[in-house]
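Raw contents of run21.txt, compact mmCIF, C-alpha atoms:
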# COMPACT_ATOMS: atom_id res chain seq x y z
CA GLY I 1 0.00 0.00 0.00
CA GLY I 2 2.92 2.35 0.87
CA ALA I 3 4.58 1.64 -2.45
CA ARG I 4 1.39 2.37 -4.24
CA GLY I 5 1.05 5.49 -2.21
CA GLY I 6 4.61 6.55 -3.14
CA GLY I 7 3.90 5.94 -6.78
CA THR I 8 0.71 7.82 -6.56
CA GLY I 9 2.56 10.75 -4.94
CA ALA I 10 5.05 10.92 -7.79
CA ASP I 11 2.28 10.87 -10.27
CA ASP I 12 0.52 13.55 -8.35
CA ALA I 13 3.72 15.66 -8.26
CA GLY I 14 4.15 15.22 -11.99
CA ALA I 15 0.60 16.21 -12.47
CA LEU I 16 1.25 19.42 -10.57
CA LEU I 17 4.10 20.53 -13.01
CA PRO I 18 3.10 22.74 -15.96
CA ARG I 19 2.81 20.86 -19.17
CA ARG I 20 4.21 22.14 -22.45
CA SER I 21 1.59 22.46 -24.99
CA GLN I 22 2.19 21.64 -28.66
CA GLY I 23 1.91 25.33 -29.40
CA SER I 24 4.69 26.12 -26.93
CA ASN I 25 7.02 23.60 -28.56
CA GLN I 26 6.30 25.12 -31.99
CA GLY I 27 7.00 28.60 -30.58
CA GLU I 28 10.44 27.56 -29.33
CA ALA I 29 11.24 25.96 -32.65
CA HIS I 30 10.11 29.10 -34.41
CA ALA I 31 12.29 31.21 -32.12
CA ARG I 32 15.29 29.05 -32.86
CA LEU I 33 14.64 29.32 -36.58
CA SER I 34 14.14 33.08 -36.26
CA GLY I 35 17.44 33.41 -34.43
CA GLY I 36 19.25 31.46 -37.15
CA SER I 37 17.60 33.50 -39.88
CA SER I 38 18.59 36.72 -38.12
CA ARG I 39 22.21 35.64 -37.88
CA SER I 40 22.16 34.63 -41.59
CA ALA I 41 20.68 38.00 -42.58
CA HIS I 42 23.40 39.81 -40.61
CA ALA I 43 26.09 37.73 -42.35
CA GLN I 44 24.60 38.49 -45.75
CA ALA I 45 24.37 42.18 -44.97
CA TYR I 46 28.01 42.20 -43.84
CA GLU I 47 29.14 40.42 -47.01
CA ALA I 48 27.14 42.85 -49.16
CA HIS I 49 28.71 45.79 -47.33
CA GLU I 50 32.20 44.35 -47.85
CA GLN I 51 31.53 43.79 -51.55
CA GLN I 52 30.23 47.35 -51.89
CA GLN I 53 33.33 48.74 -50.21
CA GLN I 54 35.63 46.64 -52.42
CA GLN I 55 33.76 47.79 -55.53
CA GLN I 56 34.02 51.41 -54.39
CA GLN I 57 37.75 51.05 -53.78
CA ARG I 58 38.19 49.44 -57.22
CA LEU I 59 36.27 52.29 -58.88
CA GLU I 60 38.36 54.87 -57.03
CA LYS I 61 41.59 53.16 -58.16
CA GLU I 62 40.36 53.03 -61.77
CA LYS I 63 39.40 56.71 -61.61
CA ALA I 64 42.80 57.62 -60.17
CA ALA I 65 44.57 55.63 -62.92
CA PHE I 66 42.44 57.32 -65.58
CA LEU I 67 43.17 60.79 -64.19
CA LEU I 68 46.88 59.99 -64.00
CA ALA I 69 46.92 58.83 -67.64
CA ALA I 70 44.98 61.91 -68.71
CA ALA I 71 47.41 64.16 -66.85
CA SER I 72 50.38 62.38 -68.42
CA ASN I 73 48.86 62.75 -71.89
CA ALA I 74 48.14 66.42 -71.27
CA ILE I 75 51.74 67.03 -70.20
CA VAL I 76 53.11 65.22 -73.26
CA THR I 77 50.75 67.08 -75.58
CA HIS I 78 51.61 70.46 -74.08
CA THR I 79 55.34 69.76 -74.15
CA ARG I 80 55.32 68.58 -77.75
CA LEU I 81 53.15 71.48 -78.89
CA ILE I 82 55.70 73.85 -77.40
CA SER I 83 58.46 72.00 -79.28
CA LEU I 84 56.40 72.10 -82.47
CA LEU I 85 55.91 75.87 -82.27
CA ARG I 86 59.58 76.40 -81.51
CA ALA I 87 60.54 74.64 -84.76
CA GLU I 88 61.98 71.72 -82.79
CA LEU I 89 59.60 68.92 -83.81
CA PRO I 90 61.46 67.68 -85.73
CA ARG I 91 64.62 69.57 -84.93
CA GLY I 92 67.13 70.72 -87.52
CA LEU I 93 64.93 71.36 -90.55
CA LEU I 94 64.25 75.07 -90.16
CA PRO I 95 67.03 77.62 -89.73
CA VAL I 96 67.37 79.32 -86.36
CA THR I 97 64.09 81.15 -85.87
CA PRO I 98 63.18 83.84 -83.32
CA PRO I 99 61.00 82.44 -80.52
CA GLY I 100 57.37 83.07 -81.29
CA TYR I 101 57.65 83.54 -85.05
CA VAL I 102 56.54 80.00 -85.99
CA ALA I 103 53.54 80.12 -83.64
CA ARG I 104 52.44 83.51 -84.96
CA ARG I 105 52.87 82.64 -88.63
CA VAL I 106 51.09 79.30 -88.23
CA ALA I 107 48.13 81.12 -86.67
CA GLU I 108 48.08 83.56 -89.60
CA LEU I 109 48.21 80.76 -92.17
CA ALA I 110 45.43 78.90 -90.36
CA GLU I 111 42.97 81.72 -90.97
CA GLY I 112 40.52 81.16 -93.79
CA SER I 113 40.91 78.08 -95.98
CA CYS I 114 43.70 76.51 -98.04
CA VAL I 115 46.43 78.66 -96.43
CA ALA I 116 45.21 81.74 -98.29
CA GLU I 117 48.03 83.86 -96.82
CA PHE I 118 50.71 81.46 -98.12
CA LYS I 119 53.74 83.12 -99.76
CA HIS I 120 56.15 80.60 -101.17
CA ASP I 121 59.08 83.02 -101.25
CA ALA I 122 58.28 85.15 -98.20
CA GLY I 123 56.56 85.04 -94.84
CA GLY I 124 54.89 87.22 -92.26
CA ASP I 125 56.06 90.39 -90.59
CA TRP I 126 57.81 89.98 -87.28
CA GLY I 127 57.42 92.70 -84.70
CA SER I 128 57.85 96.02 -86.39
CA GLU I 129 60.03 94.54 -89.14
CA ARG I 130 59.01 93.31 -92.54
CA TRP I 131 59.79 89.71 -93.42
CA SER I 132 63.41 89.10 -94.45
CA GLY I 133 65.50 86.13 -95.52
CA ASP I 134 66.61 85.65 -91.92
CA LEU I 135 63.20 84.10 -91.28
CA PRO I 136 61.87 80.90 -92.87
CA ASN I 137 59.58 81.45 -95.82
CA ASP I 138 56.15 79.86 -95.91
CA ALA I 139 57.27 77.05 -98.23
CA GLN I 140 59.90 75.99 -95.69
CA LEU I 141 57.38 76.33 -92.87
CA MET I 142 54.82 74.15 -94.68
CA CYS I 143 57.45 71.48 -95.31
CA TYR I 144 58.38 71.55 -91.62
CA LEU I 145 54.73 71.23 -90.55
CA PHE I 146 54.26 68.30 -92.94
CA CYS I 147 57.14 66.51 -91.23
CA ALA I 148 55.72 67.34 -87.80
CA PHE I 149 52.39 65.88 -88.95
CA LEU I 150 54.11 62.65 -89.98
CA GLU I 151 55.65 62.52 -86.52
CA THR I 152 52.21 62.82 -84.91
CA PRO I 153 49.49 61.76 -87.38
CA GLY I 154 46.24 63.55 -86.73
CA TRP I 155 48.09 65.74 -84.23
CA VAL I 156 47.49 63.03 -81.63
CA PHE I 157 50.50 63.31 -79.33
CA ALA I 158 49.32 60.65 -76.90
CA ARG I 159 47.17 57.77 -78.12
CA GLU I 160 45.22 54.96 -76.48
CA GLY I 161 45.94 56.33 -73.03
CA VAL I 162 49.70 55.95 -73.45
CA ALA I 163 52.01 58.92 -73.83
CA THR I 164 54.15 58.59 -76.97
CA PRO I 165 56.89 61.23 -76.96
CA GLU I 166 59.09 59.19 -79.31
CA GLY I 167 57.15 59.97 -82.47
CA SER I 168 56.92 57.62 -85.45
CA ARG I 169 60.47 57.13 -86.70
CA GLY I 170 60.53 53.32 -86.83
CA GLY I 171 59.86 51.14 -89.86
CA ALA I 172 56.27 50.15 -90.52
CA SER I 173 55.04 46.64 -91.06
CA GLY I 174 54.26 45.56 -94.58
CA GLY I 175 57.40 46.78 -96.30
CA GLY I 176 57.66 50.41 -95.20
CA GLY I 177 61.08 51.85 -94.56
CA ALA I 178 62.36 54.15 -91.87
CA LEU I 179 61.60 57.85 -91.79
CA TYR I 180 64.37 60.43 -91.32
CA PHE I 181 64.28 64.16 -90.73
CA ALA I 182 67.24 66.55 -91.04
CA THR I 183 69.84 63.80 -90.55
CA PRO I 184 70.36 61.39 -93.49
CA PRO I 185 70.08 57.64 -92.95
CA PRO I 186 73.19 55.48 -92.46
CA PRO I 187 74.78 54.22 -95.71
CA HIS I 188 73.55 50.65 -95.23
CA VAL I 189 69.86 51.70 -95.12
CA GLU I 190 68.32 51.15 -98.55
CA ARG I 191 64.58 51.53 -97.91
CA PHE I 192 63.69 54.90 -96.43
CA ALA I 193 61.94 58.23 -96.81
CA ALA I 194 63.55 61.45 -95.66
CA VAL I 195 63.22 65.20 -95.53
CA LEU I 196 66.69 66.65 -95.17
CA SER I 197 68.38 70.00 -94.89
CA THR I 198 71.34 68.98 -97.09
CA ARG I 199 71.89 66.66 -100.02
CA PRO I 200 72.09 62.99 -98.97
CA PRO I 201 75.61 61.57 -99.27
CA GLY I 202 76.36 58.93 -101.90
CA MET I 203 74.00 57.16 -104.24
CA ILE I 204 70.42 56.61 -103.12
CA LYS I 205 69.17 53.07 -103.61
CA GLU I 206 66.02 52.33 -105.57
CA ASN I 207 63.81 52.15 -102.48
CA GLY I 208 65.09 55.38 -100.97
CA CYS I 209 63.67 58.86 -101.47
CA ALA I 210 64.71 62.19 -99.96
CA VAL I 211 63.37 65.72 -100.20
CA VAL I 212 65.98 68.39 -99.56
CA MET I 213 64.46 71.52 -98.11
CA PRO I 214 66.22 74.73 -99.16
CA ARG I 215 68.15 76.51 -96.43
CA LEU I 216 68.15 79.79 -98.31
CA ALA I 217 65.23 82.03 -99.12
CA ALA I 218 65.01 80.68 -102.68
CA PRO I 219 62.27 78.02 -102.36
CA ALA I 220 63.62 75.29 -104.65
CA PHE I 221 63.04 71.75 -103.35
CA ALA I 222 65.24 68.95 -104.67
CA VAL I 223 63.86 65.40 -104.69
CA TYR I 224 66.28 62.45 -104.84
CA CYS I 225 64.54 59.16 -105.55
CA GLY I 226 66.72 56.19 -106.32
CA ALA I 227 66.80 55.12 -109.95
CA VAL I 228 69.32 52.96 -111.76
CA GLY I 229 71.97 55.15 -113.39
CA ASP I 230 70.24 58.37 -112.44
CA ASP I 231 71.45 60.41 -109.50
CA ALA I 232 70.16 63.79 -110.64
CA PRO I 233 67.48 65.39 -108.47
CA ARG I 234 64.13 66.64 -109.62
CA VAL I 235 63.85 70.28 -108.66
CA PHE I 236 60.49 71.86 -107.85
CA ASP I 237 60.23 75.59 -107.34
CA GLY I 238 57.64 78.32 -107.65
CA PRO I 239 54.39 78.60 -105.68
CA ASN I 240 53.66 74.85 -105.94
CA GLY I 241 57.23 73.64 -105.45
CA VAL I 242 56.83 72.49 -101.86
CA TRP I 243 53.54 70.71 -102.58
CA ARG I 244 54.96 68.87 -105.60
CA ALA I 245 58.06 67.79 -103.71
CA LEU I 246 56.01 66.41 -100.82
CA CYS I 247 53.65 64.70 -103.27
CA ALA I 248 56.68 63.00 -104.85
CA LEU I 249 57.75 61.74 -101.41
CA ALA I 250 54.28 60.40 -100.63
CA LEU I 251 53.95 58.85 -104.10
CA HIS I 252 57.29 57.07 -103.70
CA ALA I 253 56.12 55.68 -100.36
CA ARG I 254 52.87 54.55 -101.95
CA GLU I 255 54.46 52.84 -104.94
CA ARG I 256 57.78 51.56 -103.54
CA ASN I 257 57.48 51.28 -99.74
CA GLY I 258 54.17 49.58 -99.19
CA GLY I 259 52.27 52.80 -98.67
CA ALA I 260 54.15 53.74 -95.51
CA LEU I 261 56.20 56.70 -94.35
CA GLY I 262 57.91 55.39 -91.24
CA THR I 263 55.07 53.93 -89.16
CA THR I 264 52.54 56.19 -90.84
CA ARG I 265 50.27 54.75 -93.52
CA VAL I 266 49.54 57.27 -96.27
CA ALA I 267 46.03 55.80 -96.62
CA SER I 268 45.17 55.76 -92.91
CA ALA I 269 42.09 57.73 -91.87
CA ASN I 270 43.99 60.26 -89.75
CA VAL I 271 46.45 61.03 -92.58
CA ALA I 272 44.45 60.46 -95.79
CA LEU I 273 47.36 61.25 -98.12
CA ASP I 274 46.19 58.57 -100.51
CA SER I 275 43.34 60.83 -101.60
CA VAL I 276 45.92 63.19 -103.13
CA PHE I 277 46.56 60.62 -105.85
CA MET I 278 42.97 60.31 -106.99
CA PRO I 279 42.45 61.19 -110.68
CA GLY I 280 42.55 64.91 -111.21
CA ARG I 281 44.08 65.69 -107.83
CA LEU I 282 47.80 65.86 -108.65
CA LEU I 283 49.33 69.34 -108.78
Would you kindly transcribe this structure into structure tokens?
Amino acid sequence: GGARGGGTGADDAGALLPRRSQGSNQGEAHARLSGGSSRSAHAQAYEAHEQQQQQQQRLEKEKAAFLLAAASNAIVTHTRLISLLRAELPRGLLPVTPPGYVARRVAELAEGSCVAEFKHDAGGDWGSERWSGDLPNDAQLMCYLFCAFLETPGWVFAREGVATPEGSRGGASGGGGALYFATPPPPHVERFAAVLSTRPPGMIKENGCAVVMPRLAAPAFAVYCGAVGDDAPRVFDGPNGVWRALCALALHARERNGGALGTTRVASANVALDSVFMPGRLL
């Protein structure tokens, strides 16, 4: 009887404890799930924040690199423009010229269309003085600017985000030769184009061509293009002398050197010299 009483007491004690309902068990499970979901949401938010910061840092680095490249290009462009207007790009073609004369005369020739102010045997006034033979004439200046244009086709001094202060002196692919200004090529170079200030030494090979720009006021341009048994130059003078001499250089490059002057293609869009040789266009 006592044992039964003890058992009955335990049952009674158990009966007195609060019982967990099914709803209570579901609530605890829901709370546990909610806690896990909250922690997962925090982790996702943290990862998203980290990714956003990394993307922002990457964009800032790209912007800084772009600004640095743009600044470098601007410096190169400014520096080379200064050299161009000081008759130093390329150096050695024009005689010693007072600082500022080239820049002023180029601005005058740029007015209107087709260099209307061009004077093949004279130039512009300088200061209070009339033009004299101590200054380059317009034919010499145009020849110099043509060479500067070949150095920087399209007047693009820095291209594709990379500063290019070296110019375009190297040989082009596809058969083009090297391009020389002022200084003649070494004797062993057979395929070349050049604009020089003095007659090239020795015989010019068949694939070589040089325009000699006059150093004196008389605007006579001599063109030496290699031909078997013929070393005599073709001389172009008068108002169209400079244009004819430069056309001869471009034509030689087109016919003999794969259409290239140095690394510059005469038919490329930013040069478009090939259009000069269309029917009816030759001077």
Report as AutoDock Vina command-line options the centre and the edge lengths, in Å to one decimal, of the axis-aligned box holding every listed atom of stretch 68-87 of chain I, padded by 5 Å on each side.
--center_x 52.8 --center_y 67.6 --center_z -74.4 --size_x 25.6 --size_y 27.6 --size_z 30.8
- Task: Excluding stretch 121-127 of chain I and any residue of its chain fewer than 6 positions from it, enumerate the residues within 12 Å of it, using all atoms listed in the file, and give them as a ChimeraX atom specification.
- Result: /I:97-109,133-142,214,216-220,237-242
Which neighbours of stretch 146-151 of chain I fall inside 7 Å, counting only C-alpha atoms, when residues of the same chain fewer than 2 positions from it are skipped, and could you give them as a PyMOL selection string?
chain I and resi 89-90+142-144+153-155+167-168+264
Using only C-alpha atoms, which residues sit within 10 Å of stretch 249-255 of chain I once same-chain residues fewer than 4 positions away are excluded, as a PDB file with C-alpha atoms, in the frame of the given file?
ATOM      1  CA  GLY I 175      57.400  46.780 -96.300  1.00  0.00           C
ATOM      2  CA  GLY I 176      57.660  50.410 -95.200  1.00  0.00           C
ATOM      3  CA  GLY I 177      61.080  51.850 -94.560  1.00  0.00           C
ATOM      4  CA  ARG I 191      64.580  51.530 -97.910  1.00  0.00           C
ATOM      5  CA  PHE I 192      63.690  54.900 -96.430  1.00  0.00           C
ATOM      6  CA  ALA I 193      61.940  58.230 -96.810  1.00  0.00           C
ATOM      7  CA  ALA I 194      63.550  61.450 -95.660  1.00  0.00           C
ATOM      8  CA  VAL I 195      63.220  65.200 -95.530  1.00  0.00           C
ATOM      9  CA  ASN I 207      63.810  52.150-102.480  1.00  0.00           C
ATOM     10  CA  GLY I 208      65.090  55.380-100.970  1.00  0.00           C
ATOM     11  CA  CYS I 209      63.670  58.860-101.470  1.00  0.00           C
ATOM     12  CA  ALA I 210      64.710  62.190 -99.960  1.00  0.00           C
ATOM     13  CA  VAL I 211      63.370  65.720-100.200  1.00  0.00           C
ATOM     14  CA  VAL I 223      63.860  65.400-104.690  1.00  0.00           C
ATOM     15  CA  TYR I 224      66.280  62.450-104.840  1.00  0.00           C
ATOM     16  CA  CYS I 225      64.540  59.160-105.550  1.00  0.00           C
ATOM     17  CA  GLY I 226      66.720  56.190-106.320  1.00  0.00           C
ATOM     18  CA  TRP I 243      53.540  70.710-102.580  1.00  0.00           C
ATOM     19  CA  ARG I 244      54.960  68.870-105.600  1.00  0.00           C
ATOM     20  CA  ALA I 245      58.060  67.790-103.710  1.00  0.00           C
ATOM     21  CA  GLY I 259      52.270  52.800 -98.670  1.00  0.00           C
ATOM     22  CA  ALA I 260      54.150  53.740 -95.510  1.00  0.00           C
ATOM     23  CA  LEU I 261      56.200  56.700 -94.350  1.00  0.00           C
ATOM     24  CA  GLY I 262      57.910  55.390 -91.240  1.00  0.00           C
ATOM     25  CA  ARG I 265      50.270  54.750 -93.520  1.00  0.00           C
ATOM     26  CA  VAL I 266      49.540  57.270 -96.270  1.00  0.00           C
ATOM     27  CA  ALA I 267      46.030  55.800 -96.620  1.00  0.00           C
ATOM     28  CA  LEU I 273      47.360  61.250 -98.120  1.00  0.00           C
ATOM     29  CA  ASP I 274      46.190  58.570-100.510  1.00  0.00           C
ATOM     30  CA  VAL I 276      45.920  63.190-103.130  1.00  0.00           C
ATOM     31  CA  PHE I 277      46.560  60.620-105.850  1.00  0.00           C
TER      32      PHE I 277
END
I:His188, I:Ala110, I:Ala182, I:Glu117: which is nearest I:Pro200, counting all atoms listed in the file?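 Result for the nearest residue to I:Pro200: I:Ala182.
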Could you build a table of the residues in stretch 67-175 of chain I lying no more than 12 Å from stretch 57-62 of chain I, giving for each the nearest pair of atoms and their separation in Å rounded to one decimal place, using only C-alpha atoms, ordered by chain and ascending residue number, as JSON lines?
{"residue": "I:Leu67", "atom": "CA", "partner": "I:Glu62", "partner_atom": "CA", "distance": 8.6}
{"residue": "I:Leu68", "atom": "CA", "partner": "I:Glu62", "partner_atom": "CA", "distance": 9.8}
{"residue": "I:Ala69", "atom": "CA", "partner": "I:Glu62", "partner_atom": "CA", "distance": 10.5}
### Message
For a quick check of understanding, using all atoms listed in the file, which of I:Arg215, I:Arg234, I:Lys205, I:Val271 has the smallest distance to I:Arg256?
### Response
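Of the candidates, the smallest distance to I:Arg256 is held by I:Lys205.
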